[in-house]
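Peer 1: Here you go, input_23.cif (mmCIF, C-alpha atoms):
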data_run
#
loop_
_atom_site.group_PDB
_atom_site.id
_atom_site.type_symbol
_atom_site.label_atom_id
_atom_site.label_comp_id
_atom_site.auth_asym_id
_atom_site.auth_seq_id
_atom_site.Cartn_x
_atom_site.Cartn_y
_atom_site.Cartn_z
ATOM 1 C CA ALA A 1154 9.892 28.491 22.791
ATOM 2 C CA LEU A 1155 12.555 28.632 25.482
ATOM 3 C CA GLY A 1156 10.295 29.524 28.390
ATOM 4 C CA GLY A 1157 11.082 32.065 31.049
ATOM 5 C CA GLU A 1158 9.618 33.986 33.934
ATOM 6 C CA VAL A 1159 7.005 36.736 33.679
ATOM 7 C CA GLU A 1160 5.406 39.031 36.230
ATOM 8 C CA ILE A 1161 1.631 39.293 36.175
ATOM 9 C CA PRO A 1162 -0.623 41.626 38.148
ATOM 10 C CA THR A 1163 -2.753 40.068 40.887
ATOM 11 C CA LEU A 1164 -5.209 41.542 43.367
ATOM 12 C CA ASP A 1165 -2.474 42.005 45.968
ATOM 13 C CA GLY A 1166 0.474 43.039 43.796
ATOM 14 C CA MET A 1167 2.664 41.317 41.248
ATOM 15 C CA ALA A 1168 3.367 37.583 41.048
ATOM 16 C CA LYS A 1169 6.062 35.760 39.098
ATOM 17 C CA VAL A 1170 4.994 32.852 36.906
ATOM 18 C CA LYS A 1171 7.543 30.460 35.471
ATOM 19 C CA ILE A 1172 6.572 29.594 31.890
ATOM 20 C CA SER A 1173 8.013 26.228 30.939
ATOM 21 C CA SER A 1174 9.743 25.754 27.612
ATOM 22 C CA GLU A 1175 7.638 24.718 24.618
ATOM 23 C CA THR A 1176 4.452 26.188 26.148
ATOM 24 C CA GLN A 1177 1.654 26.566 23.577
ATOM 25 C CA SER A 1178 -1.080 29.207 23.371
ATOM 26 C CA GLY A 1179 -4.107 28.278 25.447
ATOM 27 C CA ARG A 1180 -2.181 26.725 28.327
ATOM 28 C CA VAL A 1181 -3.562 27.742 31.715
ATOM 29 C CA TYR A 1182 -1.447 28.241 34.833
ATOM 30 C CA ARG A 1183 -3.179 28.281 38.216
ATOM 31 C CA LEU A 1184 -1.913 30.499 41.010
ATOM 32 C CA ARG A 1185 -3.324 29.109 44.230
ATOM 33 C CA GLY A 1186 -4.642 31.635 46.721
ATOM 34 C CA LYS A 1187 -4.112 34.648 44.431
ATOM 35 C CA GLY A 1188 -7.733 35.055 43.308
ATOM 36 C CA VAL A 1189 -10.862 36.620 44.779
ATOM 37 C CA LYS A 1190 -11.737 36.098 48.451
ATOM 38 C CA ALA A 1191 -14.710 33.848 49.177
ATOM 39 C CA VAL A 1192 -17.923 35.712 50.069
ATOM 40 C CA ARG A 1193 -18.515 33.933 53.389
ATOM 41 C CA GLY A 1194 -15.048 32.768 54.203
ATOM 42 C CA THR A 1195 -11.460 33.724 54.779
ATOM 43 C CA ASP A 1196 -9.906 31.718 51.969
ATOM 44 C CA PHE A 1197 -8.838 33.157 48.656
ATOM 45 C CA GLY A 1198 -9.635 31.464 45.360
ATOM 46 C CA ASP A 1199 -7.243 30.620 42.568
ATOM 47 C CA LEU A 1200 -6.167 32.941 39.781
ATOM 48 C CA HIS A 1201 -6.047 31.344 36.332
ATOM 49 C CA CYS A 1202 -3.518 32.746 33.835
ATOM 50 C CA HIS A 1203 -4.096 31.962 30.157
ATOM 51 C CA VAL A 1204 -0.997 31.926 27.939
ATOM 52 C CA VAL A 1205 -1.123 33.695 24.582
ATOM 53 C CA VAL A 1206 1.953 33.228 22.404
ATOM 54 C CA GLU A 1207 2.561 36.206 20.141
ATOM 55 C CA THR A 1208 4.016 35.888 16.656
ATOM 56 C CA PRO A 1209 6.845 38.338 15.982
ATOM 57 C CA VAL A 1210 6.221 41.065 13.405
ATOM 58 C CA LYS A 1211 8.484 43.459 11.470
ATOM 59 C CA LEU A 1212 11.387 41.004 11.341
ATOM 60 C CA THR A 1213 14.761 42.069 9.996
ATOM 61 C CA ASP A 1214 16.290 40.277 7.022
ATOM 62 C CA ARG A 1215 18.674 38.423 9.349
ATOM 63 C CA GLN A 1216 15.809 37.242 11.575
ATOM 64 C CA LYS A 1217 13.879 36.001 8.542
ATOM 65 C CA GLU A 1218 16.981 34.171 7.330
ATOM 66 C CA LEU A 1219 17.411 32.470 10.716
ATOM 67 C CA LEU A 1220 13.745 31.405 10.777
ATOM 68 C CA ARG A 1221 14.049 29.958 7.259
ATOM 69 C CA GLU A 1222 17.168 28.077 8.362
ATOM 70 C CA PHE A 1223 15.312 26.723 11.398
ATOM 71 C CA GLU A 1224 12.441 25.624 9.147
ATOM 72 C CA ALA A 1225 14.859 23.823 6.827
ATOM 73 C CA ILE A 1226 16.476 22.004 9.758
ATOM 74 C CA SER A 1227 13.062 21.016 11.165
ATOM 75 C CA GLN A 1228 11.610 19.629 7.920
ATOM 76 C CA GLY A 1229 12.613 16.036 8.686
ATOM 77 C CA ASP A 1230 10.436 15.564 11.756
ATOM 78 C CA VAL A 1231 7.480 17.959 11.745
ATOM 79 C CA ALA A 1232 5.461 16.011 14.344
ATOM 80 C CA THR A 1233 8.163 16.488 16.966
ATOM 81 C CA HIS A 1234 8.102 20.269 16.631
ATOM 82 C CA ASN A 1235 4.374 20.748 16.062
ATOM 83 C CA PRO A 1236 2.129 19.004 18.601
ATOM 84 C CA ARG A 1237 -1.032 19.867 16.656
ATOM 85 C CA SER A 1238 0.164 18.109 13.503
ATOM 86 C CA LYS A 1239 -0.904 14.692 14.821
ATOM 87 C CA SER A 1240 -4.501 13.622 14.464
ATOM 88 C CA PHE A 1241 -6.529 12.245 17.349
ATOM 89 C CA MET A 1242 -6.116 8.711 16.029
ATOM 90 C CA ASP A 1243 -2.324 9.125 15.784
ATOM 91 C CA LYS A 1244 -2.200 10.253 19.406
ATOM 92 C CA LEU A 1245 -4.426 7.353 20.454
ATOM 93 C CA ARG A 1246 -2.226 4.882 18.567
ATOM 94 C CA ASP A 1247 0.910 6.335 20.222
ATOM 95 C CA PHE A 1248 -0.747 6.030 23.640
ATOM 96 C CA PHE A 1249 -1.317 2.279 23.241
ATOM 97 C CA GLU A 1250 2.141 1.525 21.801
#
Would you encode the structure as structure tokens?
Peer 2:
Amino acid sequence: ALGGEVEIPTLDGMAKVKISSETQSGRVYRLRGKGVKAVRGTDFGDLHCHVVVETPVKLTDRQKELLREFEAISQGDVATHNPRSKSFMDKLRDFFE
């Protein structure tokens, strides 16, 4: 939710990728020039990194309490905190407003 920086393995070592805050699962980051070399050329292709957000497991009682508190605070405006809660028509309507 807060974003951060992660190191990922590439063909020529490790590369740092800055993950922006509020990134959802399925987002793809492109690392230019970090992919496979072209067959008949000297240029390198792009490496595509797919983000997978993991859900925490084995939470302590305190962590569960904090998540319930966050849920209670967020109840007023669900659409702001959940981008998938809007339908296609809602998004289209917002676009033209």
Peer 1: Which of these residues is nearest to Ser1173 of chain A, using only C-alpha atoms: A:Val1159, A:Val1189, A:Ile1226, A:Leu1245?
Peer 2: A:Val1159
Peer 1: For the PyMOL selection byres ((chain A and resi 1205-1222) around 9), applied here, can you spell out every residue it catches as an NGL selection string?
Peer 2: :A and (1176-1180 or 1203-1204 or 1223-1227)
Peer 1: Using the selection just defined, write its residues with C-alpha atoms as a PDB file, in the frame of the given file.
Peer 2:
ATOM      1  CA  THR A1176       4.452  26.188  26.148  1.00  0.00           C
ATOM      2  CA  GLN A1177       1.654  26.566  23.577  1.00  0.00           C
ATOM      3  CA  SER A1178      -1.080  29.207  23.371  1.00  0.00           C
ATOM      4  CA  GLY A1179      -4.107  28.278  25.447  1.00  0.00           C
ATOM      5  CA  ARG A1180      -2.181  26.725  28.327  1.00  0.00           C
ATOM      6  CA  HIS A1203      -4.096  31.962  30.157  1.00  0.00           C
ATOM      7  CA  VAL A1204      -0.997  31.926  27.939  1.00  0.00           C
ATOM      8  CA  PHE A1223      15.312  26.723  11.398  1.00  0.00           C
ATOM      9  CA  GLU A1224      12.441  25.624   9.147  1.00  0.00           C
ATOM     10  CA  ALA A1225      14.859  23.823   6.827  1.00  0.00           C
ATOM     11  CA  ILE A1226      16.476  22.004   9.758  1.00  0.00           C
ATOM     12  CA  SER A1227      13.062  21.016  11.165  1.00  0.00           C
TER      13      SER A1227
END
Peer 1: Using the chain letters and numbers from this file, what does the PyMOL selection byres ((chain A and resi 1165) around 12) select? Give the answer as a list in words.
Peer 2: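 This file gives the following for the PyMOL selection byres ((chain A and resi 1165) around 12): Ile1161, Pro1162, Thr1163, Leu1164, Gly1166, Met1167, Ala1168, Gly1186, Lys1187, Gly1188, Val1189, Lys1190, Phe1197 and Leu1200 of chain A.
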Peer 1: Could you write out the selected residues, including C-alpha atoms, as a PDB file, in the coordinates of the input?
Peer 2:
ATOM      1  CA  ILE A1161       1.631  39.293  36.175  1.00  0.00           C
ATOM      2  CA  PRO A1162      -0.623  41.626  38.148  1.00  0.00           C
ATOM      3  CA  THR A1163      -2.753  40.068  40.887  1.00  0.00           C
ATOM      4  CA  LEU A1164      -5.209  41.542  43.367  1.00  0.00           C
ATOM      5  CA  GLY A1166       0.474  43.039  43.796  1.00  0.00           C
ATOM      6  CA  MET A1167       2.664  41.317  41.248  1.00  0.00           C
ATOM      7  CA  ALA A1168       3.367  37.583  41.048  1.00  0.00           C
ATOM      8  CA  GLY A1186      -4.642  31.635  46.721  1.00  0.00           C
ATOM      9  CA  LYS A1187      -4.112  34.648  44.431  1.00  0.00           C
ATOM     10  CA  GLY A1188      -7.733  35.055  43.308  1.00  0.00           C
ATOM     11  CA  VAL A1189     -10.862  36.620  44.779  1.00  0.00           C
ATOM     12  CA  LYS A1190     -11.737  36.098  48.451  1.00  0.00           C
ATOM     13  CA  PHE A1197      -8.838  33.157  48.656  1.00  0.00           C
ATOM     14  CA  LEU A1200      -6.167  32.941  39.781  1.00  0.00           C
TER      15      LEU A1200
END
Peer 1: What is the atom CA of Glu1175 of chain A to atom CA of Gly1156 of chain A distance in Å?
Peer 2: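 Result for atom CA of Glu1175 of chain A versus atom CA of Gly1156 of chain A: 6.7 Å, one decimal.
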Peer 1: Interatomic distance between atom CA of Ile1172 of chain A and atom CA of Leu1184 of chain A?
Peer 2: 12.5 Å
Peer 1: Tell me, in Å to one decimal, how far atom CA of Val1170 of chain A is from atom CA of Tyr1182 of chain A.
Peer 2: 8.2 Å
Peer 1: Find the axis-aligned box for segment 1208-1221 of chain A, covering all its listed atoms and adding 4 Å on each side, and write its centre and edge lengths in Å to one decimal as JSON.
Peer 2:
{"center_x": 11.3, "center_y": 36.7, "center_z": 11.8, "size_x": 22.7, "size_y": 21.5, "size_z": 17.6}
Peer 1: Go through A:Ser1174, A:Arg1246, A:Gln1228, A:Ala1191 one by one, measure the shortest atom-to-atom distance of each to Glu1158 of chain A using only C-alpha atoms, and give the residue with the smallest value.
Peer 2: A:Ser1174
